[in-house]
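Student: Let me begin by handing over the structure; questions about it come next.
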Amino acid sequence: MAAPLALTAPAAQAADTTMSGATGTYTVTPLRFTVQAGGRTCAVDADLYRPDGVDAAHPAPAVLATNGFGGSKNDGSTDAIGKAVAARGYVGLVYSGLGFGRSGCLISLDDPRIDGQAAARLLDFLAGTRAADDGTRADFVTKDGTDDPRVGMIGGSYGGAIQLATAAADPRLDALVPLITWNDLAYSLAPNSADRDTPGVFKWQWANGFYLMGEGQPLLVPSLDPSRVNSLSCLHFVTDACDTVRLLNSGSYPEADAEKMLAFARSVSPVSYLDRVKAPTLVVQGQADSLFNLNEAQDTYEKLQRQGVETKMIWQSWGHSGGRKPGELDLGSGDLENSYVGRRVLAWFERHLRGDRTVDTGAEFAYYRDWQSGYGTAATVPALSQKLYLSGDGKLVDNRAKVTRGSRSYANWLVPTSHSESSLAGLIGLPDPEPYDIAGTHLGWTTAPLTAPADLVGAPRATLKVVSPRTERVQDSGDAADKLVLFAKLYDVAPDGTKTLVNRLVAPVRVPDVTRPFTVELPGIVHRYETGHRLEFVIAASDTAYSGNRGIKPVTVVSAPEDTGTLELPLVQGRVG
């Protein structure tokens, strides 16, 4: 994960330290709570941030937060949240998630039945009905009822999903601000952009990086706490998590094992429990994010909207893949007033925690535009508005009548021949080669140069049909690994021929059935195609950041005016073609 929300150097924290913040002073008190989680008894390590002047006679609403994966309560952005909210008059309770920092128990991937229940015990503390292990009680948090504290949550990535898990486990939460987090972990780690029920394409770089980080926690943060240890074969995660990573790494997905994998991944994902979330939610997702893309946020946003939850969504510039632009939110700085997203967060809490119903919480949907260094807004996510057609001569045309009859082919190698990104390069400070596709291992369709700028906001959609006799012979073997794998993506081609893969994003596909057409949902993007530039749609045989095909599977794409593939674009300005 990007440094602002995950792996950062811990900072020392003294007991009962009085700090000075942006608008007020506060006291920080380290606390520990013994909780029951997943059949284990373990301690949760926390810091209480109490603004000066807040007491039983002058209570204040509270904000709860925890770390990104691999972090703790002391990492830069998590600690900064506690400081930022306390300086603005909120009681802050910041803690290390289960299995991280000095908190015990196993890493259970923000499971609402485990991590959510542990967080609910912290809500008991904020309600004044439960004491910390040293006897400390909180009688200074605003209440909506005898056992109901006024509490919001904020945090990113792993610290984002826990908010939804906690809200599903405990209805007392009053406001959520999950940043750059997942909707469906099965899609996140093994995405299939054509069919969520068919095992996807293993995102091996991201997944193994996190797995090693998690398994190494007892060594990275030395501890003899037995609640942090599972077994020699699965040291620090819950067993189902280790089994899932092993299955994905095996490259073989028999039907029964694949169904178990999908069921576990979804059981710890908002996709399976959002119907129990009722707290007003401000969803913030990053455009530069190959781990949890914009589609995940949109799925969460739309589900909450459908069930009547007050929900708004922002697509900021940065995510797990970097991409922070000048003036954008920096949680680690604690400076919320001087960024668009920061001001939206403050307004969200002002309305839902302080109860000021006159506060304007902003547009239903907002998105950062790098070509204007600012935000555009809309009443909803833009719909698909233009259809293009895949012509047999490699052109991408705006009218079916312009399609040239023809066929084109490619074949995969036994090693990757296309590159989108080195997923962990940003974490460890390594350079990342520019994206590329080796000739003969991909197909591309390109528009004519644009005569005016075209702004794309949302997730493009392609409908394809391919011919692959070798795949046909094996795809019904009972092992999903025998199905065809391909990668769809969009390039921006400049007049000089320079190609840009927007945010290095690709749409991995494990084709459910190569004898039938299939639809691919590409990752959401916000991008301007300038005058003179061309849009290129590519399908490639492989990608270095993902597992690929089992065996050589040549592919042919046939085009004819009456029957050809299509690409639909969510354009908010201009047209392509």
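Ordering of the structure tokens sets the chain letters (A, B, ...); residue numbers start at 1 within each chain; ligands are numbered from 1 in the order shown.
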Which polymer residues have any atom within 7 Å of an atom of Phe537 (chain A), counting only C-alpha atoms, with same-chain residues fewer than 2 positions away left out, as a list in words?

Tutor: Gly444, Trp445, Thr446, Lys489, Leu490, Tyr491 and Leu535 of chain A

Student: With N, CA, C and O atoms kept, could you save the residues just selected as a PDB file, in the first residue's frame?

Tutor:
```pdb
ATOM      1  N   GLY A 444      -4.559  -4.448 -31.251  1.00  0.00           N
ATOM      2  CA  GLY A 444      -5.008  -3.118 -30.906  1.00  0.00           C
ATOM      3  C   GLY A 444      -5.915  -2.545 -31.980  1.00  0.00           C
ATOM      4  O   GLY A 444      -5.772  -2.850 -33.169  1.00  0.00           O
ATOM      5  N   TRP A 445      -6.852  -1.705 -31.564  1.00  0.00           N
ATOM      6  CA  TRP A 445      -7.751  -0.983 -32.478  1.00  0.00           C
ATOM      7  C   TRP A 445      -7.663   0.496 -32.112  1.00  0.00           C
ATOM      8  O   TRP A 445      -7.827   0.867 -30.940  1.00  0.00           O
ATOM      9  N   THR A 446      -7.426   1.346 -33.102  1.00  0.00           N
ATOM     10  CA  THR A 446      -7.113   2.744 -32.838  1.00  0.00           C
ATOM     11  C   THR A 446      -8.059   3.675 -33.581  1.00  0.00           C
ATOM     12  O   THR A 446      -8.384   3.453 -34.759  1.00  0.00           O
ATOM     13  N   LYS A 489      -7.346  -3.112 -22.201  1.00  0.00           N
ATOM     14  CA  LYS A 489      -6.836  -1.845 -21.659  1.00  0.00           C
ATOM     15  C   LYS A 489      -6.973  -0.736 -22.693  1.00  0.00           C
ATOM     16  O   LYS A 489      -7.160  -0.997 -23.895  1.00  0.00           O
ATOM     17  N   LEU A 490      -6.868   0.490 -22.218  1.00  0.00           N
ATOM     18  CA  LEU A 490      -6.973   1.662 -23.077  1.00  0.00           C
ATOM     19  C   LEU A 490      -5.676   2.464 -23.022  1.00  0.00           C
ATOM     20  O   LEU A 490      -5.175   2.767 -21.940  1.00  0.00           O
ATOM     21  N   TYR A 491      -5.172   2.813 -24.195  1.00  0.00           N
ATOM     22  CA  TYR A 491      -4.014   3.694 -24.302  1.00  0.00           C
ATOM     23  C   TYR A 491      -4.446   5.053 -24.835  1.00  0.00           C
ATOM     24  O   TYR A 491      -5.433   5.178 -25.573  1.00  0.00           O
ATOM     25  N   LEU A 535      -7.302   7.264 -29.336  1.00  0.00           N
ATOM     26  CA  LEU A 535      -7.597   6.251 -28.318  1.00  0.00           C
ATOM     27  C   LEU A 535      -7.329   4.878 -28.927  1.00  0.00           C
ATOM     28  O   LEU A 535      -7.808   4.587 -30.032  1.00  0.00           O
TER      29      LEU A 535
END
```

Student: Counting only C-alpha atoms, what is within 12 Å of Gly548 (chain A), bar same-chain residues fewer than 2 positions away, as a PDB file with N, CA and C atoms, in the first residue's frame?

Tutor:
```pdb
ATOM      1  N   ALA A 190      -7.969 -11.374  -7.424  1.00  0.00           N
ATOM      2  CA  ALA A 190      -8.022 -12.266  -8.591  1.00  0.00           C
ATOM      3  C   ALA A 190      -9.182 -11.812  -9.470  1.00  0.00           C
ATOM      4  N   GLY A 200     -10.929 -15.446 -11.194  1.00  0.00           N
ATOM      5  CA  GLY A 200     -10.272 -14.467 -12.029  1.00  0.00           C
ATOM      6  C   GLY A 200      -8.807 -14.744 -12.266  1.00  0.00           C
ATOM      7  N   VAL A 201      -8.060 -13.681 -12.530  1.00  0.00           N
ATOM      8  CA  VAL A 201      -6.650 -13.764 -12.895  1.00  0.00           C
ATOM      9  C   VAL A 201      -5.841 -13.264 -11.698  1.00  0.00           C
ATOM     10  N   PHE A 202      -4.994 -14.096 -11.182  1.00  0.00           N
ATOM     11  CA  PHE A 202      -4.303 -13.824  -9.920  1.00  0.00           C
ATOM     12  C   PHE A 202      -3.398 -12.603 -10.024  1.00  0.00           C
ATOM     13  N   LYS A 203      -3.638 -11.625  -9.163  1.00  0.00           N
ATOM     14  CA  LYS A 203      -2.830 -10.411  -9.070  1.00  0.00           C
ATOM     15  C   LYS A 203      -1.662 -10.723  -8.127  1.00  0.00           C
ATOM     16  N   TRP A 204      -0.700 -11.488  -8.653  1.00  0.00           N
ATOM     17  CA  TRP A 204       0.269 -12.149  -7.781  1.00  0.00           C
ATOM     18  C   TRP A 204       1.225 -11.177  -7.085  1.00  0.00           C
ATOM     19  N   LEU A 248      -4.360 -19.670  -5.059  1.00  0.00           N
ATOM     20  CA  LEU A 248      -4.092 -18.730  -6.143  1.00  0.00           C
ATOM     21  C   LEU A 248      -2.687 -18.917  -6.701  1.00  0.00           C
ATOM     22  N   ASN A 249      -1.728 -19.150  -5.837  1.00  0.00           N
ATOM     23  CA  ASN A 249      -0.352 -19.357  -6.294  1.00  0.00           C
ATOM     24  C   ASN A 249      -0.161 -20.685  -7.007  1.00  0.00           C
ATOM     25  N   GLY A 251      -1.941 -21.989  -9.334  1.00  0.00           N
ATOM     26  CA  GLY A 251      -2.263 -21.933 -10.752  1.00  0.00           C
ATOM     27  C   GLY A 251      -3.272 -22.968 -11.188  1.00  0.00           C
ATOM     28  N   SER A 252      -3.914 -23.626 -10.231  1.00  0.00           N
ATOM     29  CA  SER A 252      -4.928 -24.636 -10.546  1.00  0.00           C
ATOM     30  C   SER A 252      -6.162 -24.347  -9.707  1.00  0.00           C
ATOM     31  N   ASN A 412      -0.077 -16.188 -27.061  1.00  0.00           N
ATOM     32  CA  ASN A 412       0.715 -15.935 -25.859  1.00  0.00           C
ATOM     33  C   ASN A 412       2.010 -16.739 -25.883  1.00  0.00           C
ATOM     34  N   TRP A 413       2.979 -16.307 -25.110  1.00  0.00           N
ATOM     35  CA  TRP A 413       4.197 -17.074 -24.853  1.00  0.00           C
ATOM     36  C   TRP A 413       4.053 -17.706 -23.473  1.00  0.00           C
ATOM     37  N   LEU A 414       5.023 -18.520 -23.113  1.00  0.00           N
ATOM     38  CA  LEU A 414       5.003 -19.132 -21.781  1.00  0.00           C
ATOM     39  C   LEU A 414       5.536 -18.187 -20.715  1.00  0.00           C
ATOM     40  N   VAL A 415       6.024 -17.019 -21.137  1.00  0.00           N
ATOM     41  CA  VAL A 415       6.441 -15.963 -20.207  1.00  0.00           C
ATOM     42  C   VAL A 415       5.649 -14.712 -20.559  1.00  0.00           C
ATOM     43  N   PRO A 416       5.476 -13.779 -19.615  1.00  0.00           N
ATOM     44  CA  PRO A 416       4.711 -12.562 -19.903  1.00  0.00           C
ATOM     45  C   PRO A 416       5.349 -11.730 -21.011  1.00  0.00           C
ATOM     46  N   THR A 417       4.498 -11.178 -21.867  1.00  0.00           N
ATOM     47  CA  THR A 417       4.981 -10.377 -22.988  1.00  0.00           C
ATOM     48  C   THR A 417       4.406  -8.960 -22.988  1.00  0.00           C
ATOM     49  N   SER A 418       3.606  -8.638 -21.963  1.00  0.00           N
ATOM     50  CA  SER A 418       3.085  -7.283 -21.791  1.00  0.00           C
ATOM     51  C   SER A 418       3.336  -6.847 -20.352  1.00  0.00           C
ATOM     52  N   ALA A 481      -8.489 -22.935 -14.494  1.00  0.00           N
ATOM     53  CA  ALA A 481      -7.190 -22.533 -15.029  1.00  0.00           C
ATOM     54  C   ALA A 481      -7.045 -22.876 -16.508  1.00  0.00           C
ATOM     55  N   ASP A 482      -7.899 -23.747 -17.039  1.00  0.00           N
ATOM     56  CA  ASP A 482      -7.821 -24.115 -18.452  1.00  0.00           C
ATOM     57  C   ASP A 482      -8.566 -23.138 -19.360  1.00  0.00           C
ATOM     58  N   LYS A 483      -9.283 -22.183 -18.783  1.00  0.00           N
ATOM     59  CA  LYS A 483      -9.984 -21.194 -19.596  1.00  0.00           C
ATOM     60  C   LYS A 483      -8.997 -20.136 -20.092  1.00  0.00           C
ATOM     61  N   LEU A 484      -9.391 -19.420 -21.125  1.00  0.00           N
ATOM     62  CA  LEU A 484      -8.539 -18.411 -21.749  1.00  0.00           C
ATOM     63  C   LEU A 484      -8.408 -17.174 -20.866  1.00  0.00           C
ATOM     64  N   VAL A 485      -7.176 -16.678 -20.750  1.00  0.00           N
ATOM     65  CA  VAL A 485      -6.892 -15.437 -20.033  1.00  0.00           C
ATOM     66  C   VAL A 485      -6.463 -14.372 -21.041  1.00  0.00           C
ATOM     67  N   LEU A 486      -7.001 -13.168 -20.891  1.00  0.00           N
ATOM     68  CA  LEU A 486      -6.539 -12.028 -21.681  1.00  0.00           C
ATOM     69  C   LEU A 486      -6.691 -10.756 -20.855  1.00  0.00           C
ATOM     70  N   PHE A 487      -6.106  -9.662 -21.368  1.00  0.00           N
ATOM     71  CA  PHE A 487      -6.093  -8.396 -20.633  1.00  0.00           C
ATOM     72  C   PHE A 487      -6.537  -7.274 -21.568  1.00  0.00           C
ATOM     73  N   PRO A 508      -8.170  -7.615 -16.307  1.00  0.00           N
ATOM     74  CA  PRO A 508      -7.897  -9.042 -16.502  1.00  0.00           C
ATOM     75  C   PRO A 508      -9.199  -9.811 -16.741  1.00  0.00           C
ATOM     76  N   VAL A 509      -9.145 -10.771 -17.639  1.00  0.00           N
ATOM     77  CA  VAL A 509     -10.334 -11.555 -17.985  1.00  0.00           C
ATOM     78  C   VAL A 509      -9.962 -13.029 -18.049  1.00  0.00           C
ATOM     79  N   ARG A 510     -10.741 -13.868 -17.381  1.00  0.00           N
ATOM     80  CA  ARG A 510     -10.718 -15.306 -17.630  1.00  0.00           C
ATOM     81  C   ARG A 510     -12.033 -15.607 -18.334  1.00  0.00           C
ATOM     82  N   ALA A 540      -4.426  -8.052 -24.745  1.00  0.00           N
ATOM     83  CA  ALA A 540      -3.093  -8.648 -24.697  1.00  0.00           C
ATOM     84  C   ALA A 540      -3.165 -10.031 -24.069  1.00  0.00           C
ATOM     85  N   ALA A 541      -2.173 -10.841 -24.397  1.00  0.00           N
ATOM     86  CA  ALA A 541      -2.168 -12.230 -23.953  1.00  0.00           C
ATOM     87  C   ALA A 541      -1.719 -12.393 -22.513  1.00  0.00           C
ATOM     88  N   SER A 542      -1.014 -11.389 -21.958  1.00  0.00           N
ATOM     89  CA  SER A 542      -0.423 -11.575 -20.629  1.00  0.00           C
ATOM     90  C   SER A 542      -0.158 -10.223 -19.994  1.00  0.00           C
ATOM     91  N   ASP A 543       0.294 -10.256 -18.753  1.00  0.00           N
ATOM     92  CA  ASP A 543       0.719  -9.056 -18.048  1.00  0.00           C
ATOM     93  C   ASP A 543       1.646  -9.483 -16.918  1.00  0.00           C
ATOM     94  N   THR A 544       2.744  -8.746 -16.740  1.00  0.00           N
ATOM     95  CA  THR A 544       3.758  -9.148 -15.757  1.00  0.00           C
ATOM     96  C   THR A 544       3.248  -9.116 -14.321  1.00  0.00           C
ATOM     97  N   ALA A 545       2.209  -8.348 -14.036  1.00  0.00           N
ATOM     98  CA  ALA A 545       1.710  -8.229 -12.666  1.00  0.00           C
ATOM     99  C   ALA A 545       0.697  -9.315 -12.311  1.00  0.00           C
ATOM    100  N   TYR A 546       0.357 -10.178 -13.284  1.00  0.00           N
ATOM    101  CA  TYR A 546      -0.686 -11.181 -13.089  1.00  0.00           C
ATOM    102  C   TYR A 546      -0.203 -12.551 -13.548  1.00  0.00           C
ATOM    103  N   ARG A 550      -2.532 -21.026 -18.956  1.00  0.00           N
ATOM    104  CA  ARG A 550      -1.886 -22.329 -18.790  1.00  0.00           C
ATOM    105  C   ARG A 550      -1.785 -22.947 -20.182  1.00  0.00           C
ATOM    106  N   GLY A 551      -0.567 -22.971 -20.722  1.00  0.00           N
ATOM    107  CA  GLY A 551      -0.360 -23.468 -22.068  1.00  0.00           C
ATOM    108  C   GLY A 551      -0.503 -22.367 -23.101  1.00  0.00           C
ATOM    109  N   ILE A 552      -0.148 -22.699 -24.343  1.00  0.00           N
ATOM    110  CA  ILE A 552      -0.252 -21.746 -25.450  1.00  0.00           C
ATOM    111  C   ILE A 552      -1.661 -21.795 -26.019  1.00  0.00           C
ATOM    112  N   LYS A 553      -2.313 -20.621 -26.094  1.00  0.00           N
ATOM    113  CA  LYS A 553      -3.696 -20.548 -26.559  1.00  0.00           C
ATOM    114  C   LYS A 553      -3.809 -19.423 -27.587  1.00  0.00           C
TER     115      LYS A 553
END
```

Student: CA of Ala84 (chain A) and CA of Pro51 (chain A) are how many Å apart?

Tutor: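 CA of Pro51 (chain A) lies 10.7 Å from CA of Ala84 (chain A).
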
Student: What does the distance between CA of Val457 (chain A) and CA of Gly327 (chain A) come to in Å, to one decimal place?

Tutor: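 Result for CA of Val457 (chain A) versus CA of Gly327 (chain A): 20.9 Å, one decimal.
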
Student: Which residues are near Val151 (chain A)? Cut-off 8 Å, only C-alpha atoms, ignore same chain within fewer than 4 positions. Put them as a tab-separated table (two decimals) with N, CA and C atoms, in the first residue's frame.

Tutor:
```tsv
chain	number	residue	atom	x	y	z
A	61	PRO	N	-18.55	14.59	20.23
A	61	PRO	CA	-18.61	13.36	19.44
A	61	PRO	C	-17.21	12.80	19.23
A	62	ALA	N	-17.13	11.51	18.86
A	62	ALA	CA	-15.85	10.82	18.74
A	62	ALA	C	-15.61	10.34	17.32
A	63	VAL	N	-14.33	10.15	17.01
A	63	VAL	CA	-13.92	9.59	15.73
A	63	VAL	C	-12.99	8.40	16.02
A	64	LEU	N	-13.30	7.27	15.44
A	64	LEU	CA	-12.54	6.04	15.61
A	64	LEU	C	-11.75	5.77	14.33
A	123	LEU	N	-16.47	0.78	20.73
A	123	LEU	CA	-17.66	1.62	20.80
A	123	LEU	C	-18.29	1.55	22.19
A	172	ARG	N	-24.44	1.38	15.81
A	172	ARG	CA	-24.29	2.65	16.54
A	172	ARG	C	-23.42	3.66	15.81
A	173	LEU	N	-22.69	3.26	14.79
A	173	LEU	CA	-21.86	4.22	14.06
A	173	LEU	C	-22.74	5.24	13.34
A	174	ASP	N	-22.25	6.48	13.31
A	174	ASP	CA	-23.06	7.57	12.79
A	174	ASP	C	-22.54	8.18	11.49
A	175	ALA	N	-21.28	7.94	11.13
A	175	ALA	CA	-20.72	8.51	9.89
A	175	ALA	C	-19.46	7.75	9.54
A	353	LEU	N	-21.93	14.19	12.85
A	353	LEU	CA	-21.48	14.00	14.23
A	353	LEU	C	-21.84	15.18	15.12
```

Student: Using only C-alpha atoms, which residues of region 232-332 of chain A come within 10 Å of region 338-342 of chain A, and what is the closest atom pair for each, with the distance in Å to one decimal? Give it as a Markdown table, sorted by chain and residue number.

Tutor:
```
| residue | atom | partner | partner_atom | distance |
| --- | --- | --- | --- | --- |
| A:Val284 | CA | A:Val341 | CA | 8.3 |
| A:Ile314 | CA | A:Val341 | CA | 7.7 |
| A:Trp315 | CA | A:Val341 | CA | 9.4 |
| A:Gln316 | CA | A:Val341 | CA | 7.6 |
| A:Pro326 | CA | A:Ser339 | CA | 9.4 |
| A:Gly327 | CA | A:Ser339 | CA | 5.7 |
| A:Glu328 | CA | A:Ser339 | CA | 5.4 |
| A:Leu329 | CA | A:Ser339 | CA | 5.3 |
| A:Asp330 | CA | A:Ser339 | CA | 8.2 |
| A:Leu331 | CA | A:Gly342 | CA | 8.4 |
```

Student: Can you pull out every residue from region 309-462 of chain A that DSSP, working from the backbone, puts in strand (DSSP E), and format the result as a PyMOL selection string?

Tutor: chain A and resi 311-318+365-369+374-378+386-390+396-397+406-410+418-419+436-437+442-446+454-458+461-462

Student: Export C-alpha atoms of the chosen residues as an mmCIF file, in the first residue's frame?

Tutor:
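Written out: again_2.cif:
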```
data_model
loop_
_atom_site.group_PDB
_atom_site.id
_atom_site.type_symbol
_atom_site.label_atom_id
_atom_site.label_comp_id
_atom_site.auth_asym_id
_atom_site.auth_seq_id
_atom_site.Cartn_x
_atom_site.Cartn_y
_atom_site.Cartn_z
ATOM 1 C CA THR A 311 -23.969 8.212 0.443
ATOM 2 C CA LYS A 312 -21.690 10.405 -1.652
ATOM 3 C CA MET A 313 -18.554 9.558 -3.605
ATOM 4 C CA ILE A 314 -15.279 11.267 -4.509
ATOM 5 C CA TRP A 315 -12.655 10.007 -6.965
ATOM 6 C CA GLN A 316 -9.449 11.688 -5.792
ATOM 7 C CA SER A 317 -6.137 11.557 -7.660
ATOM 8 C CA TRP A 318 -4.125 9.201 -5.459
ATOM 9 C CA PHE A 365 -20.225 12.666 -7.124
ATOM 10 C CA ALA A 366 -16.919 14.492 -7.588
ATOM 11 C CA TYR A 367 -13.807 13.575 -9.559
ATOM 12 C CA TYR A 368 -10.325 15.063 -9.789
ATOM 13 C CA ARG A 369 -9.356 16.335 -13.270
ATOM 14 C CA GLY A 374 -9.440 20.623 -9.725
ATOM 15 C CA TYR A 375 -12.687 18.731 -9.339
ATOM 16 C CA GLY A 376 -15.642 18.188 -11.599
ATOM 17 C CA THR A 377 -19.010 17.269 -10.109
ATOM 18 C CA ALA A 378 -22.122 15.448 -11.230
ATOM 19 C CA GLN A 386 -20.703 6.488 -27.149
ATOM 20 C CA LYS A 387 -20.226 3.134 -28.870
ATOM 21 C CA LEU A 388 -17.224 2.339 -31.062
ATOM 22 C CA TYR A 389 -16.726 -0.716 -33.292
ATOM 23 C CA LEU A 390 -13.690 -2.982 -33.783
ATOM 24 C CA LEU A 396 -11.764 1.756 -33.979
ATOM 25 C CA VAL A 397 -14.690 3.373 -35.799
ATOM 26 C CA GLY A 406 -11.276 -9.264 -41.633
ATOM 27 C CA SER A 407 -9.563 -11.338 -38.956
ATOM 28 C CA ARG A 408 -6.472 -10.768 -36.839
ATOM 29 C CA SER A 409 -4.623 -13.119 -34.474
ATOM 30 C CA TYR A 410 -2.150 -13.240 -31.606
ATOM 31 C CA SER A 418 3.085 -7.283 -21.791
ATOM 32 C CA HIS A 419 3.807 -5.003 -18.866
ATOM 33 C CA TYR A 436 4.750 -2.308 -23.316
ATOM 34 C CA ASP A 437 3.274 -5.079 -25.492
ATOM 35 C CA HIS A 442 -1.633 -8.533 -28.571
ATOM 36 C CA LEU A 443 -4.156 -6.810 -30.820
ATOM 37 C CA GLY A 444 -5.008 -3.118 -30.906
ATOM 38 C CA TRP A 445 -7.751 -0.983 -32.478
ATOM 39 C CA THR A 446 -7.113 2.744 -32.838
ATOM 40 C CA ALA A 454 -12.796 14.264 -25.209
ATOM 41 C CA ASP A 455 -13.226 13.749 -21.451
ATOM 42 C CA LEU A 456 -13.828 10.219 -20.205
ATOM 43 C CA VAL A 457 -15.189 9.728 -16.652
ATOM 44 C CA GLY A 458 -16.102 6.196 -15.587
ATOM 45 C CA ARG A 461 -17.203 -1.501 -21.402
ATOM 46 C CA ALA A 462 -16.185 -3.815 -24.228
#
```

Student: Counting only C-alpha atoms, which of A:Arg473, A:Arg528, A:Lys303, A:Arg405 gets nearest to Ser559 (chain A)?

Tutor: A:Arg405

Student: Please identify all polymer residues within 12 Å of Phe69 (chain A), counting only C-alpha atoms, omitting same-chain residues fewer than 3 positions from it, and present them as JSON, numbers by chain.

Tutor: {"A": [1, 2, 3, 4, 5, 6, 7, 8, 66, 72, 73, 75, 78, 96, 97, 98, 99, 100, 101, 107, 108, 109, 110, 155, 156, 157, 158, 159, 160, 161, 162, 181, 207, 209, 210, 211, 212, 213, 214, 215, 217, 320]}

Student: Taking 6 positions as the minimum chain separation for residues in the same chain, which residues sit within 8 Å of Ala167 (chain A) when counting only C-alpha atoms? Answer as a list in words.

Tutor: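 With the cut-off at 8 Å, the set is Gly116, Leu173, Arg276, Val277, Lys278 and Ala279 of chain A.
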
Student: Dump N, CA and C atoms for the selected residues as an mmCIF file, in the first residue's frame?

Tutor:
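Saved file again.cif follows:
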```cif
data_model
loop_
_atom_site.group_PDB
_atom_site.id
_atom_site.type_symbol
_atom_site.label_atom_id
_atom_site.label_comp_id
_atom_site.auth_asym_id
_atom_site.auth_seq_id
_atom_site.Cartn_x
_atom_site.Cartn_y
_atom_site.Cartn_z
ATOM 1 N N GLY A 116 -14.777 -6.583 13.080
ATOM 2 C CA GLY A 116 -15.918 -5.724 13.351
ATOM 3 C C GLY A 116 -16.395 -5.833 14.780
ATOM 4 N N LEU A 173 -22.690 3.259 14.789
ATOM 5 C CA LEU A 173 -21.862 4.216 14.064
ATOM 6 C C LEU A 173 -22.738 5.235 13.345
ATOM 7 N N ARG A 276 -26.307 -4.524 5.660
ATOM 8 C CA ARG A 276 -26.444 -4.242 7.091
ATOM 9 C C ARG A 276 -25.847 -2.891 7.485
ATOM 10 N N VAL A 277 -25.291 -2.169 6.527
ATOM 11 C CA VAL A 277 -24.675 -0.869 6.809
ATOM 12 C C VAL A 277 -25.717 0.229 6.637
ATOM 13 N N LYS A 278 -25.911 1.031 7.671
ATOM 14 C CA LYS A 278 -26.915 2.098 7.658
ATOM 15 C C LYS A 278 -26.307 3.482 7.879
ATOM 16 N N ALA A 279 -25.047 3.566 8.273
ATOM 17 C CA ALA A 279 -24.427 4.849 8.607
ATOM 18 C C ALA A 279 -24.153 5.664 7.346
#
```

Student: From the set A:Thr239, A:Gln163, A:Thr471, A:Asn74, which residue has the shortest atom-to-atom contact distance to Val283 (chain A), counting only C-alpha atoms?

Tutor: A:Gln163

Student: So how many Å separate CA of Leu232 (chain A) and CA of Leu220 (chain A), to one decimal?

Tutor: 16.8 Å

Student: Residues near Asp479 (chain A), anyone? I mean within 7 Å using only C-alpha atoms, not counting same-chain ones fewer than 6 positions away, as a PDB file with C-alpha atoms, in the first residue's frame.

Tutor:
```
ATOM      1  CA  SER A 252      -4.928 -24.636 -10.546  1.00  0.00           C
ATOM      2  CA  TYR A 253      -8.543 -23.829  -9.660  1.00  0.00           C
ATOM      3  CA  PRO A 254     -10.727 -26.968  -9.453  1.00  0.00           C
ATOM      4  CA  GLU A 255     -14.378 -26.044  -9.143  1.00  0.00           C
TER       5      GLU A 255
END
```

Student: Looking at only C-alpha atoms, which of A:Asp124, A:Asp289, A:Asp370, A:Glu296 is the one that sits closest to Val506 (chain A)?

Tutor: A:Asp289

Student: Which residue, A:Ala507, A:Ala480, A:Ala379, A:Ala263, has the smallest gap to Ala363 (chain A) when you use only C-alpha atoms?

Tutor: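 That would be A:Ala379, the residue with the smallest distance to Ala363 (chain A).
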